[in-house]
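What follows is the content of query.csv, which has CSV, C-alpha atoms:
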chain,number,residue,atom,x,y,z
A,132,MET,CA,101.2,10.8,152.9
A,133,ARG,CA,97.8,9.5,152.0
A,134,LEU,CA,97.9,11.7,148.9
A,135,VAL,CA,100.6,9.5,147.6
A,136,THR,CA,98.4,6.4,147.8
A,137,LEU,CA,95.5,8.2,146.4
A,138,SER,CA,97.4,9.5,143.4
A,139,LEU,CA,98.9,6.1,142.8
A,140,ILE,CA,95.4,4.5,142.8
A,141,LEU,CA,93.6,7.3,141.1
A,142,SER,CA,95.8,7.1,138.1
A,143,LEU,CA,94.1,3.9,137.4
A,144,PHE,CA,90.9,5.8,136.8
A,145,LEU,CA,92.2,7.5,133.7
A,146,SER,CA,91.8,4.5,131.4
A,147,PRO,CA,88.5,3.8,129.7
A,148,GLU,CA,89.5,0.2,129.2
A,149,LYS,CA,88.4,-2.8,131.1
A,150,HIS,CA,90.2,-3.8,134.2
A,151,LEU,CA,91.1,-7.3,135.4
A,152,VAL,CA,91.0,-8.0,139.1
A,153,LEU,CA,92.6,-11.1,140.7
A,154,LEU,CA,91.0,-12.0,144.0
A,155,ARG,CA,92.6,-13.9,146.8
A,156,ASP,CA,90.4,-17.0,146.4
A,157,GLY,CA,91.7,-17.3,142.8
A,158,ARG,CA,88.8,-15.7,140.9
A,159,THR,CA,89.3,-13.4,138.0
A,160,LEU,CA,86.9,-10.5,137.5
A,161,ILE,CA,86.9,-8.3,134.4
A,162,GLY,CA,84.9,-5.1,134.3
A,163,PHE,CA,85.0,-1.3,134.1
A,164,LEU,CA,86.5,0.2,137.3
A,165,ARG,CA,84.2,2.8,138.6
A,166,SER,CA,85.5,3.5,142.0
A,167,ILE,CA,88.6,2.8,144.2
A,168,ASP,CA,89.7,4.0,147.6
A,169,GLN,CA,92.8,3.8,149.7
A,170,PHE,CA,92.0,0.3,150.9
A,171,ALA,CA,91.7,-0.9,147.3
A,172,ASN,CA,87.9,-1.4,147.7
A,173,LEU,CA,86.6,-1.5,144.2
A,174,VAL,CA,83.4,-1.0,142.3
A,175,LEU,CA,83.3,-2.8,139.0
A,176,HIS,CA,80.7,-2.2,136.4
A,177,GLN,CA,79.5,-4.8,133.7
A,178,THR,CA,81.6,-7.4,135.4
A,179,VAL,CA,82.3,-10.8,134.0
A,180,GLU,CA,83.8,-13.6,136.0
A,181,ARG,CA,86.3,-15.4,133.8
A,182,ILE,CA,87.1,-19.0,134.6
A,183,HIS,CA,90.3,-20.5,133.1
A,184,VAL,CA,90.9,-24.2,132.7
A,185,GLY,CA,93.9,-25.2,130.6
A,186,LYS,CA,93.6,-23.4,127.3
A,187,LYS,CA,89.9,-22.7,127.5
A,188,TYR,CA,88.1,-20.0,129.3
A,189,GLY,CA,84.4,-19.0,130.0
A,190,ASP,CA,82.8,-15.8,131.0
A,191,ILE,CA,79.9,-15.5,133.4
A,192,PRO,CA,78.2,-12.1,133.4
A,193,ARG,CA,77.8,-10.8,137.0
A,194,GLY,CA,76.7,-7.1,136.7
A,195,ILE,CA,78.0,-4.7,139.4
A,196,PHE,CA,80.5,-5.9,141.9
A,197,VAL,CA,81.7,-4.2,145.1
A,198,VAL,CA,84.9,-5.8,146.2
A,199,ARG,CA,86.4,-5.4,149.7
A,200,GLY,CA,90.0,-4.3,149.4
A,201,GLU,CA,91.5,-7.1,151.5
A,202,ASN,CA,90.5,-9.7,148.9
A,203,VAL,CA,92.2,-7.9,146.0
A,204,VAL,CA,95.5,-9.4,144.9
A,205,LEU,CA,96.1,-7.5,141.7
A,206,LEU,CA,94.4,-5.0,139.5
A,207,GLY,CA,95.5,-4.7,135.8
A,208,GLU,CA,94.5,-2.8,132.7
A,209,ILE,CA,93.5,-4.9,129.9
A,210,ASP,CA,95.2,-4.1,126.6
A,211,LEU,CA,92.6,-4.6,123.9
A,212,GLU,CA,95.1,-5.4,121.2
A,213,LYS,CA,96.7,-8.1,123.3
A,214,GLU,CA,93.3,-9.4,124.2
A,215,SER,CA,92.3,-10.0,120.6
A,216,ASP,CA,95.3,-12.3,119.9
A,217,THR,CA,95.3,-14.6,122.8
A,218,PRO,CA,95.9,-18.3,122.2
A,219,LEU,CA,93.0,-19.1,124.5
A,220,GLN,CA,89.7,-20.4,123.3
A,221,GLN,CA,86.4,-19.2,124.6
A,222,VAL,CA,83.8,-21.8,125.4
A,223,SER,CA,80.2,-21.8,126.8
A,224,ILE,CA,79.5,-21.4,130.5
A,225,GLU,CA,78.3,-24.9,131.0
A,226,GLU,CA,81.4,-26.4,129.4
A,227,ILE,CA,83.8,-24.3,131.4
A,228,LEU,CA,82.0,-25.1,134.7
A,229,GLU,CA,82.2,-28.8,133.8
A,230,GLU,CA,85.9,-28.5,133.0
A,231,GLN,CA,86.5,-26.6,136.3
A,232,ARG,CA,84.6,-29.3,138.2
A,233,ALA,CA,86.8,-32.0,136.6
A,234,GLU,CA,89.9,-30.1,137.4
A,235,GLN,CA,88.9,-29.6,141.1
A,236,GLN,CA,88.1,-33.3,141.3
A,237,ALA,CA,91.5,-34.3,139.9
A,238,LYS,CA,93.2,-31.9,142.3
A,239,LEU,CA,91.3,-33.3,145.3
A,240,GLU,CA,92.3,-36.8,144.4
A,241,ALA,CA,95.9,-35.9,143.9
A,242,GLU,CA,95.8,-34.1,147.3
A,243,LYS,CA,94.2,-37.2,148.9
A,244,LEU,CA,97.0,-39.4,147.6
A,245,LYS,CA,99.6,-37.1,148.8
A,246,VAL,CA,98.1,-36.8,152.3
A,247,GLN,CA,97.8,-40.6,152.5
A,248,ALA,CA,101.4,-41.1,151.4
A,249,LEU,CA,102.6,-38.6,154.1
A,250,LYS,CA,100.4,-40.2,156.7
A,251,ASP,CA,102.0,-43.6,155.9
A,252,ARG,CA,105.3,-42.0,156.7
A,253,GLY,CA,104.1,-40.4,159.9
A,254,LEU,CA,104.2,-36.8,158.5
A,255,SER,CA,101.6,-34.1,157.9
A,256,ILE,CA,101.5,-30.8,156.2
A,257,PRO,CA,99.7,-28.0,158.1
A,258,ARG,CA,97.1,-26.3,155.9
A,259,ALA,CA,97.4,-22.5,155.5
A,260,ASP,CA,93.7,-21.7,155.6
A,261,THR,CA,93.9,-18.0,156.0
A,262,LEU,CA,96.6,-15.5,155.4
A,263,ASP,CA,98.1,-13.4,158.2
A,264,GLU,CA,96.6,-9.9,158.3
A,265,TYR,CA,98.3,-7.1,160.1
B,298,MET,CA,97.8,-0.8,158.1
B,299,GLY,CA,96.9,2.0,160.5
B,300,LEU,CA,97.1,5.8,160.1
B,301,VAL,CA,100.6,6.0,161.7
B,302,MET,CA,103.3,5.3,159.2
B,303,PRO,CA,106.5,3.9,160.6
B,304,LEU,CA,109.6,5.7,159.6
B,305,SER,CA,111.0,2.4,158.2
B,306,VAL,CA,108.3,2.4,155.6
B,307,CYS,CA,109.4,6.0,154.7
B,308,THR,CA,112.9,4.7,154.0
B,309,PHE,CA,111.6,1.9,151.9
B,310,SER,CA,109.3,4.0,149.8
B,311,GLY,CA,112.3,6.3,149.1
B,312,PHE,CA,114.5,3.3,148.4
B,313,PHE,CA,112.0,1.8,146.0
B,314,LYS,CA,111.6,5.0,144.1
B,315,SER,CA,115.2,4.9,143.0
B,316,PHE,CA,114.5,1.9,140.8
B,317,THR,CA,112.5,3.4,138.1
B,318,SER,CA,114.3,1.9,135.1
B,319,PRO,CA,115.3,-1.7,135.7
B,320,ILE,CA,113.0,-4.7,135.8
B,321,HIS,CA,112.3,-6.6,139.0
B,322,VAL,CA,110.3,-9.6,140.0
B,323,LEU,CA,107.4,-9.6,142.4
B,324,ILE,CA,105.5,-12.5,143.9
B,325,PRO,CA,102.0,-12.2,145.2
B,326,CYS,CA,101.1,-14.7,147.8
B,327,SER,CA,97.7,-16.4,147.9
B,328,GLU,CA,96.0,-19.4,146.4
B,329,VAL,CA,97.3,-18.1,143.2
B,330,THR,CA,101.0,-17.8,143.8
B,331,SER,CA,102.9,-16.5,140.8
B,332,VAL,CA,105.9,-14.5,139.8
B,333,ILE,CA,105.3,-11.3,138.0
B,334,CYS,CA,108.1,-9.4,136.3
B,335,GLY,CA,107.9,-5.8,135.4
B,336,THR,CA,109.3,-2.3,135.6
B,337,LEU,CA,108.5,-0.4,138.8
B,338,HIS,CA,106.3,2.5,138.1
B,339,SER,CA,105.5,3.7,141.7
B,340,VAL,CA,105.2,2.6,145.3
B,341,ASP,CA,103.1,4.1,148.1
B,342,GLN,CA,103.2,4.0,151.9
B,343,TYR,CA,101.4,0.6,152.1
B,344,LEU,CA,104.0,-0.7,149.6
B,345,ASN,CA,101.3,-1.2,147.0
B,346,ILE,CA,103.2,-1.5,143.8
B,347,LYS,CA,102.4,-0.3,140.2
B,348,LEU,CA,104.3,-2.2,137.5
B,349,THR,CA,104.4,-1.5,133.8
B,350,ASP,CA,105.3,-4.0,131.0
B,351,ILE,CA,104.3,-7.1,132.9
B,352,SER,CA,105.4,-10.5,132.0
B,353,VAL,CA,104.5,-13.6,134.0
B,354,THR,CA,107.2,-16.3,134.3
B,355,ASP,CA,104.8,-19.2,134.0
B,356,PRO,CA,102.2,-18.2,131.3
B,357,GLU,CA,100.7,-21.6,131.1
B,358,LYS,CA,99.7,-21.6,134.8
B,359,TYR,CA,98.6,-18.0,134.4
B,360,PRO,CA,96.7,-17.4,131.2
B,361,HIS,CA,94.6,-14.5,132.4
B,362,MET,CA,97.6,-12.1,132.6
B,363,LEU,CA,98.3,-12.4,129.0
B,364,SER,CA,96.4,-9.3,128.0
B,365,VAL,CA,97.5,-7.1,130.9
B,366,LYS,CA,100.4,-4.7,130.4
B,367,ASN,CA,100.3,-2.6,133.6
B,368,CYS,CA,99.0,-3.6,137.0
B,369,PHE,CA,98.5,-2.4,140.5
B,370,ILE,CA,99.4,-4.9,143.2
B,371,ARG,CA,98.1,-4.6,146.7
B,372,GLY,CA,101.0,-4.4,149.2
B,373,SER,CA,99.5,-6.9,151.6
B,374,VAL,CA,99.6,-9.8,149.1
B,375,VAL,CA,103.3,-9.5,148.2
B,376,ARG,CA,105.4,-12.2,149.5
B,377,TYR,CA,108.7,-10.8,148.3
B,378,VAL,CA,110.3,-8.5,145.7
B,379,GLN,CA,113.4,-9.5,143.9
B,380,LEU,CA,115.5,-6.6,142.8
B,381,PRO,CA,118.5,-6.4,140.4
B,382,ALA,CA,121.5,-6.6,142.7
B,383,ASP,CA,123.6,-4.0,140.8
B,384,GLU,CA,121.0,-1.3,141.4
B,385,VAL,CA,121.1,-1.5,145.1
B,386,ASP,CA,123.6,0.5,147.1
B,387,THR,CA,123.6,-1.5,150.3
B,388,GLN,CA,126.0,0.9,152.0
B,389,LEU,CA,123.7,3.9,151.4
B,390,LEU,CA,120.7,1.9,152.5
B,391,GLN,CA,122.3,0.8,155.7
B,392,ASP,CA,123.4,4.4,156.5
B,393,ALA,CA,120.0,5.7,155.8
B,394,ALA,CA,118.3,3.1,158.0
B,395,ARG,CA,120.7,3.7,160.8
B,396,LYS,CA,120.0,7.4,160.7
B,397,GLU,CA,116.3,6.8,160.8
B,398,ALA,CA,116.7,4.5,163.7
B,399,LEU,CA,118.6,7.2,165.6
B,400,GLN,CA,116.0,9.8,164.8
B,401,GLN,CA,113.3,7.5,166.0
B,402,LYS,CA,115.1,6.9,169.3
B,403,GLN,CA,115.2,10.7,169.8
Would you mind writing the file out in structure tokens?
Amino acid sequence: MRLVTLSLILSLFLSPEKHLVLLRDGRTLIGFLRSIDQFANLVLHQTVERIHVGKKYGDIPRGIFVVRGENVVLLGEIDLEKESDTPLQQVSIEEILEEQRAEQQAKLEAEKLKVQALKDRGLSIPRADTLDEY
Amino acid sequence: MGLVMPLSVCTFSGFFKSFTSPIHVLIPCSEVTSVICGTLHSVDQYLNIKLTDISVTDPEKYPHMLSVKNCFIRGSVVRYVQLPADEVDTQLLQDAARKEALQQKQ
């Protein structure tokens, strides 16, 4: 039975193209997939962390990444032709970090307002801090 | 996710394999909730799913998936899978599940 998982996963090895990995904390990593196992633990080579804010994105070079399988949401093959005609605009690292900080700030404030509004009505939303693992 | 595979997962893997042509929708759950639409390529015992011809239903919230055509989704993050209703033979599925349950009892 384990052969089924392995063959499913190993078929990902065949492409020489870069892979995009989405992590549970919301990060996007792009790199060459060098290794994968039945838990979806990954080894990525020449990895770049891509931050998206609105229509802009920025790449931070990270080198080699070993990702524990439980943090992986999705692993996709990047299609080079589609990559070259994205409507997104690449900006420098400082700029994208600044945009991200601004976005987080806006989100926190909106969240604060929401929580305050609920508190005024005597309600509260329980936070889902971690996912259930089985 | 131990080494022992429950028979119900067996039934589900077999059930999923019958959908090779139509498109179905899949939703990973996490901080990055999104709906991904695609054609089912394969499923394994952990219900990891491989989809081809991806499209995301909300491309503005999800810009990074624009250049990805095929993907592998880890089974543990899927919240639910929406299947085309006309592809499912519920009677067959029910009978198969009942048979499995009987076998398991014995």
Neighbour residues at most 12 Å from (98.8, -14.8, 132.9) (only C-alpha atoms) as an MDAnalysis selection string: (chainID A and resid 151 153 159 183 185:186 205 207 209 213:214 217:219) or (chainID B and resid 329:334 351:366 368)
Separation of CA of Arg165 in chain A from CA of Glu180 in chain A in Å: 16.6 Å
Who sits within 10 Å of range 223-235 of chain A, all atoms listed in the file, same chain under 6 positions skipped, as a list in words: Arg181, Ile182, His183, Val184, Gly185, Lys187, Tyr188, Gly189, Asp190, Ile191, Pro192 and Ala241 of chain A
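Closest approach to Arg371 in chain B among A:Leu160, A:Val179, A:Asn172, A:Val203 is made by A:Val203 (distances from only C-alpha atoms).
In terms of minimum interatomic distance to chain B, A:Ser215 ranks closest within A:Ile167, A:Gly162, A:Ser215, A:Arg199, counting all atoms listed in the file.
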Interatomic distance (Å, one decimal) between CA of Pro147 in chain A and CA of Phe163 in chain A: 7.6 Å
Option closest in space to chain B, from A:Val204, A:Ile256, A:Val197, A:Ala248 [counting only C-alpha atoms]: A:Val204
Atom pair CA of Val375 in chain B / CA of Phe170 in chain A: separation (Å): 15.2 Å
Residue among A:Val174, A:Gly194, A:Leu206, A:Leu164 lying closest to chain B, counting only C-alpha atoms: A:Leu206
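Proximity to chain A was assessed for B:Ala398, B:Leu337, B:Val374, B:Ala393 counting all atoms listed in the file; the smallest distance is recorded for B:Val374.
Nearest to chain A of all the residues B:Asn367, B:Thr336, B:Thr387, B:Thr349 is B:Asn367, counting only C-alpha atoms.
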Reconstruct range 380-391 of chain B at the level of all heavy atoms, and format the result as a short mmCIF file (atom, residue, chain, number, x, y, z; two decimals), in the frame of the given file.
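Once everything was written out, this is result39.cif:
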data_model
loop_
_atom_site.label_atom_id
_atom_site.label_comp_id
_atom_site.auth_asym_id
_atom_site.auth_seq_id
_atom_site.Cartn_x
_atom_site.Cartn_y
_atom_site.Cartn_z
N LEU B 380 115.00 -7.73 143.50
CA LEU B 380 115.50 -6.60 142.80
C LEU B 380 116.87 -6.87 142.15
O LEU B 380 117.59 -7.74 142.63
CB LEU B 380 115.75 -5.43 143.83
CG LEU B 380 114.51 -5.03 144.60
CD1 LEU B 380 114.90 -4.23 145.81
CD2 LEU B 380 113.60 -4.22 143.72
N PRO B 381 117.18 -6.17 141.07
CA PRO B 381 118.50 -6.40 140.40
C PRO B 381 119.60 -5.94 141.40
O PRO B 381 119.59 -4.82 141.87
CB PRO B 381 118.44 -5.52 139.19
CG PRO B 381 117.37 -4.55 139.43
CD PRO B 381 116.40 -5.16 140.37
N ALA B 382 120.52 -6.82 141.64
CA ALA B 382 121.50 -6.60 142.70
C ALA B 382 122.40 -5.35 142.37
O ALA B 382 122.80 -4.63 143.28
CB ALA B 382 122.41 -7.81 142.83
N ASP B 383 122.67 -5.11 141.10
CA ASP B 383 123.60 -4.00 140.80
C ASP B 383 122.94 -2.64 140.97
O ASP B 383 123.62 -1.63 140.91
CB ASP B 383 124.17 -4.17 139.39
CG ASP B 383 123.13 -4.66 138.41
OD1 ASP B 383 122.01 -5.03 138.84
OD2 ASP B 383 123.44 -4.71 137.21
N GLU B 384 121.60 -2.60 141.17
CA GLU B 384 121.00 -1.30 141.40
C GLU B 384 120.95 -0.88 142.82
O GLU B 384 120.60 0.23 143.13
CB GLU B 384 119.51 -1.38 140.87
CG GLU B 384 119.38 -1.39 139.38
CD GLU B 384 119.57 0.00 138.78
OE1 GLU B 384 119.12 0.95 139.42
OE2 GLU B 384 120.18 0.09 137.71
N VAL B 385 121.29 -1.82 143.70
CA VAL B 385 121.10 -1.50 145.10
C VAL B 385 122.47 -1.09 145.71
O VAL B 385 123.47 -1.80 145.61
CB VAL B 385 120.66 -2.79 145.87
CG1 VAL B 385 120.53 -2.50 147.33
CG2 VAL B 385 119.34 -3.25 145.29
N ASP B 386 122.45 0.05 146.35
CA ASP B 386 123.60 0.50 147.10
C ASP B 386 123.43 0.16 148.52
O ASP B 386 122.82 0.93 149.27
CB ASP B 386 123.82 2.01 146.86
CG ASP B 386 125.10 2.52 147.47
OD1 ASP B 386 125.77 1.74 148.20
OD2 ASP B 386 125.45 3.69 147.23
N THR B 387 123.92 -1.00 148.96
CA THR B 387 123.60 -1.50 150.30
C THR B 387 124.20 -0.56 151.37
O THR B 387 123.64 -0.38 152.44
CB THR B 387 124.11 -2.90 150.52
OG1 THR B 387 125.43 -2.98 149.99
CG2 THR B 387 123.22 -3.90 149.80
N GLN B 388 125.34 0.02 151.06
CA GLN B 388 126.00 0.90 152.00
C GLN B 388 125.10 2.11 152.34
O GLN B 388 124.85 2.46 153.48
CB GLN B 388 127.34 1.37 151.49
CG GLN B 388 128.30 1.83 152.55
CD GLN B 388 128.45 0.84 153.68
OE1 GLN B 388 128.57 -0.36 153.46
NE2 GLN B 388 128.41 1.33 154.90
N LEU B 389 124.60 2.70 151.25
CA LEU B 389 123.70 3.90 151.40
C LEU B 389 122.49 3.53 152.17
O LEU B 389 122.06 4.28 153.06
CB LEU B 389 123.36 4.36 149.98
CG LEU B 389 122.88 5.79 149.86
CD1 LEU B 389 123.99 6.74 150.28
CD2 LEU B 389 122.48 6.08 148.43
N LEU B 390 121.91 2.38 151.84
CA LEU B 390 120.70 1.90 152.50
C LEU B 390 120.90 1.73 153.97
O LEU B 390 120.11 2.14 154.81
CB LEU B 390 120.18 0.66 151.83
CG LEU B 390 118.85 0.13 152.35
CD1 LEU B 390 117.77 1.14 152.05
CD2 LEU B 390 118.53 -1.19 151.70
N GLN B 391 122.02 1.09 154.28
CA GLN B 391 122.30 0.80 155.70
C GLN B 391 122.50 2.11 156.46
O GLN B 391 121.98 2.26 157.56
CB GLN B 391 123.62 0.00 155.73
CG GLN B 391 123.72 -0.86 156.96
CD GLN B 391 124.87 -1.85 156.84
OE1 GLN B 391 125.92 -1.51 156.33
NE2 GLN B 391 124.65 -3.05 157.32
#
